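Report on the following structure.
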There are 4 protein chains.
Amino acid sequence: MNFTAVNPQFEQRVRDSFARQAAMALIGATMTQVEPGRCAIELPVREDLTQQHKFVHGGVVGMIADSAGGYAAFTLMPADASVLTVEFKINMLAPARGERLIARGAVLKPGRTLSIARADVWAVEAGRETLVAATQQTLMVMHGMSEERL
Amino acid sequence: MNFTAVNPQFEQRVRDSFARQAAMALIGATMTQVEPGRCAIELPVREDLTQQHKFVHGGVVGMIADSAGGYAAFTLMPADASVLTVEFKINMLAPARGERLIARGAVLKPGRTLSIARADVWAVEAGRETLVAATQQTLMVMHGMSEERL
Amino acid sequence: MNFTAVNPQFEQRVRDSFARQAAMALIGATMTQVEPGRCAIELPVREDLTQQHKFVHGGVVGMIADSAGGYAAFTLMPADASVLTVEFKINMLAPARGERLIARGAVLKPGRTLSIARADVWAVEAGRETLVAATQQTLMVMHGMSEERL
Amino acid sequence: MNFTAVNPQFEQRVRDSFARQAAMALIGATMTQVEPGRCAIELPVREDLTQQHKFVHGGVVGMIADSAGGYAAFTLMPADASVLTVEFKINMLAPARGERLIARGAVLKPGRTLSIARADVWAVEAGRETLVAATQQTLMVMHGMSEERL
């Protein structure tokens, strides 16, 4: 689906907000795409992100999916609003291993109070992408709470 | 609900597996309780775990909830089996802030192939606990895949 | 958890609203309990509610769980508000068969805009209850939309 | 995604199974499309399927989404297997009203034990489709349990 951003500075706002997420820096995630209703986040696979089977921990996969979907929704929000995750659901489809993960979030339905998004996570290994997780998510638009003032 | 562990060494197995989760070490989480069908994981709140509003990132909250529910299920599995998260759903109920978070996982129904668990996450601030997240989760029993051999 | 209803007429409002749900009449569900933050709905098992294995259809189980959780949340809402399901997640734990099903909804966290509830569904067979489904749900408080005016 | 059915008689099996779902007959749903990895179910809107706001009950929307996703997964299963819903999550995006609803299920990932599917539900009004619900679902492959023997 194609959406139009009401805030012409949406990309800068999204990138500034992402830069304030210390947790994304901790795991080494970067934001690689920001478009109206879409956002991609990449994560180089590191040993210290793994679970007991040496795949990336499902919760870490959930972190980048949550952020990709949340920021996809944020691109369509007005300049004086902030975004909050209400809930998300994630299915693990394959072991998260390889060189890096890419979480691609896309808005299903933007709303005045709530927005719904999906984010899928792909593992890249030797140039080949494998779908490793699928999420569906509910976001809340926090009007009058611009992040810059927080 | 009260359950009985089929593996008398269940606690050691769970603690050994948790110790192999590098991602838990990265965020500073520790396992504080292991009982048949139950598991608790604690996480001291740190600046580098936060999102843009300076609360603990929802994905990090999801990480400890996922692990607490998964290990609660693992306590009831046979000695030659491993555990895998199929999916989980998390609702964020309040900002995750304070001194530390506690994720408490409990099995709803153990099964031969699939187990269902719930994990709730509490924030502790000045000795008071606030419920900050609630999860519901599906785990898979991987028979013949003892973690020690992985 | 114990909650206090802000609307003293909460029980009548909930029962009136339930009585307007034609779909509940179609499947033969009745509301058996209404308390602040809690609601139970019963469903006699009928042949015409089944799926291909002759158990009650998972979607029908979801219907009464959705209603039980939604009305549990509705008991705590002000008199001028209406309730709407934002989303729910349901795990099927055992075949839904027997004489009747009981869905018991309970609020986890009431909110000004969103409420979170859980509803579990039990099958009753020869006086014994078996947990057959577990749900977790997000509800929206629709202020200024009293159902009586709809 | 494009999938190949391992059972050449997949369409007949799916249609036979659907015909055994008494609950689908009760609400008046019909199966309109069956392809490898895909399935569509239509539901004419009726007064007796509504909730208190006179929209189709969210649980009924969930019923056809659950069936559409489940049968999409069933198209890819071997001839001696049966399908079971493990869990699903549904977001309500808009009021379910109009002349009829169409649930379109599609497999995200087929598996030997578990399959993951998504199903979206559209409302048709005056020839225009509106997305009213989005689901994500986990299905179990029940090997050696052909439905014909049940």
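As shown in the structure tokens, the chain order sets the letters A, B, ...; within each chain, residues go from 1, and ligands are also counted from 1 in the order they appear.
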Review point. Taking only C-alpha atoms into account, what are the residues of chain C at most 9 Å from chain B, put as a PyMOL selection string?
Key: chain C and resi 89-91+93+108-109+115-116+131+134-138
So that I can check the surroundings of Glu35 in chain B, please list as a compact mmCIF listing (two decimals) with C-alpha atoms, in the first residue's frame every protein, DNA and RNA residue that reaches within 8 Å of it, counting only C-alpha atoms and ignoring chain neighbours fewer than 2 positions away.
# COMPACT_ATOMS: atom_id res chain seq x y z
CA GLU B 11 17.02 -27.02 37.36
CA GLN B 33 13.85 -18.76 40.13
CA GLY B 37 6.58 -25.07 35.32
CA ARG B 38 7.88 -21.72 36.58
CA CYS B 39 10.85 -19.47 35.96
CA ALA B 72 9.30 -22.36 32.46
CA THR B 75 11.60 -27.34 33.20
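Considering only C-alpha atoms, the residue among B:Gly58, B:Gly98, B:Gly28, B:Gly144 positioned nearest to Val86 in chain A is B:Gly58.
Proximity of D:Val107, D:Leu84, D:Ala96, D:Val121 to Ala65 in chain D, computed with only C-alpha atoms, is greatest for D:Val121.
CA of Val141 in chain C is positioned 16.0 Å from CA of Ala106 in chain C.
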For range 26-86 of chain D against range 52-55 of chain C, with a cut-off of 12 Å and counting only C-alpha atoms, what is the closest atom pair and its distance in Å to one decimal for every residue that makes the cut, ordered by chain and number, as a Markdown table?
| residue | atom | partner | partner_atom | distance |
| --- | --- | --- | --- | --- |
| D:Ser67 | CA | C:Gln52 | CA | 10.8 |
| D:Gly70 | CA | C:Gln52 | CA | 11.9 |
| D:Tyr71 | CA | C:Gln52 | CA | 11.5 |
| D:Ser82 | CA | C:His53 | CA | 9.5 |
| D:Val83 | CA | C:Gln52 | CA | 9.9 |
| D:Leu84 | CA | C:His53 | CA | 9.5 |
| D:Thr85 | CA | C:His53 | CA | 11.9 |
Tell me which protein, DNA and RNA residues are within 12 Å of Asp16 in chain B, counting only C-alpha atoms, leaving out same-chain ones fewer than 6 positions away, and put them as a compact mmCIF listing (two decimals) with N, CA and C atoms, in the first residue's frame.
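result_30.txt, freshly written:
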# COMPACT_ATOMS: atom_id res chain seq x y z
N GLN A 51 21.24 -16.97 21.43
CA GLN A 51 20.65 -17.80 22.49
C GLN A 51 21.46 -19.10 22.60
N GLN A 52 20.93 -20.07 23.29
CA GLN A 52 21.72 -21.26 23.62
C GLN A 52 22.08 -22.11 22.39
N GLN B 9 16.94 -33.55 37.03
CA GLN B 9 17.99 -32.53 36.92
C GLN B 9 17.50 -31.27 36.18
N PHE B 10 16.21 -31.07 36.21
CA PHE B 10 15.65 -29.97 35.40
C PHE B 10 16.29 -28.61 35.73
N ALA B 22 24.09 -15.85 25.25
CA ALA B 22 24.95 -14.66 25.29
C ALA B 22 24.11 -13.38 25.33
N MET B 31 18.87 -15.31 36.03
CA MET B 31 17.75 -16.21 36.32
C MET B 31 17.65 -16.35 37.84
N VAL B 34 13.78 -21.08 39.47
CA VAL B 34 13.50 -22.20 38.56
C VAL B 34 12.74 -23.25 39.36
N TYR B 71 11.80 -20.96 29.44
CA TYR B 71 12.47 -21.81 30.43
C TYR B 71 11.47 -22.42 31.41
N PHE B 74 10.60 -25.37 29.60
CA PHE B 74 11.75 -26.28 29.51
C PHE B 74 11.88 -27.12 30.79
N THR B 75 11.49 -26.58 31.93
CA THR B 75 11.60 -27.34 33.20
C THR B 75 10.82 -28.65 33.15
N SER B 146 19.11 -32.78 22.69
CA SER B 146 19.61 -32.25 23.96
C SER B 146 20.57 -31.11 23.67
N GLU B 147 20.44 -30.03 24.42
CA GLU B 147 21.24 -28.83 24.15
C GLU B 147 22.73 -29.07 24.33
N GLU B 148 23.06 -30.02 25.20
CA GLU B 148 24.46 -30.26 25.47
C GLU B 148 25.20 -30.70 24.21
Review point. Residues at most 8 Å from Leu43 in chain B, counting only C-alpha atoms, excluding those fewer than 4 positions away in the same chain, as a PyMOL selection string?
Key: chain B and resi 27-30+64+100-102
Convert the current residue selection to file output with C-alpha atoms, as a PDB file, in the first residue's frame.
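Saved as again-v4.pdb:
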ATOM      1  CA  ILE B  27      21.572  -7.052  28.641  1.00  0.00           C
ATOM      2  CA  GLY B  28      22.565  -8.149  32.158  1.00  0.00           C
ATOM      3  CA  ALA B  29      19.660 -10.501  32.892  1.00  0.00           C
ATOM      4  CA  THR B  30      19.918 -13.197  35.569  1.00  0.00           C
ATOM      5  CA  ILE B  64      13.197 -11.512  29.220  1.00  0.00           C
ATOM      6  CA  ARG B 100      14.795  -3.510  37.809  1.00  0.00           C
ATOM      7  CA  LEU B 101      12.343  -5.683  35.880  1.00  0.00           C
ATOM      8  CA  ILE B 102      11.191  -9.170  36.850  1.00  0.00           C
TER       9      ILE B 102
END
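Note that the spacing between CA of Met63 in chain D and CA of Gly62 in chain C amounts to 7.8 Å.
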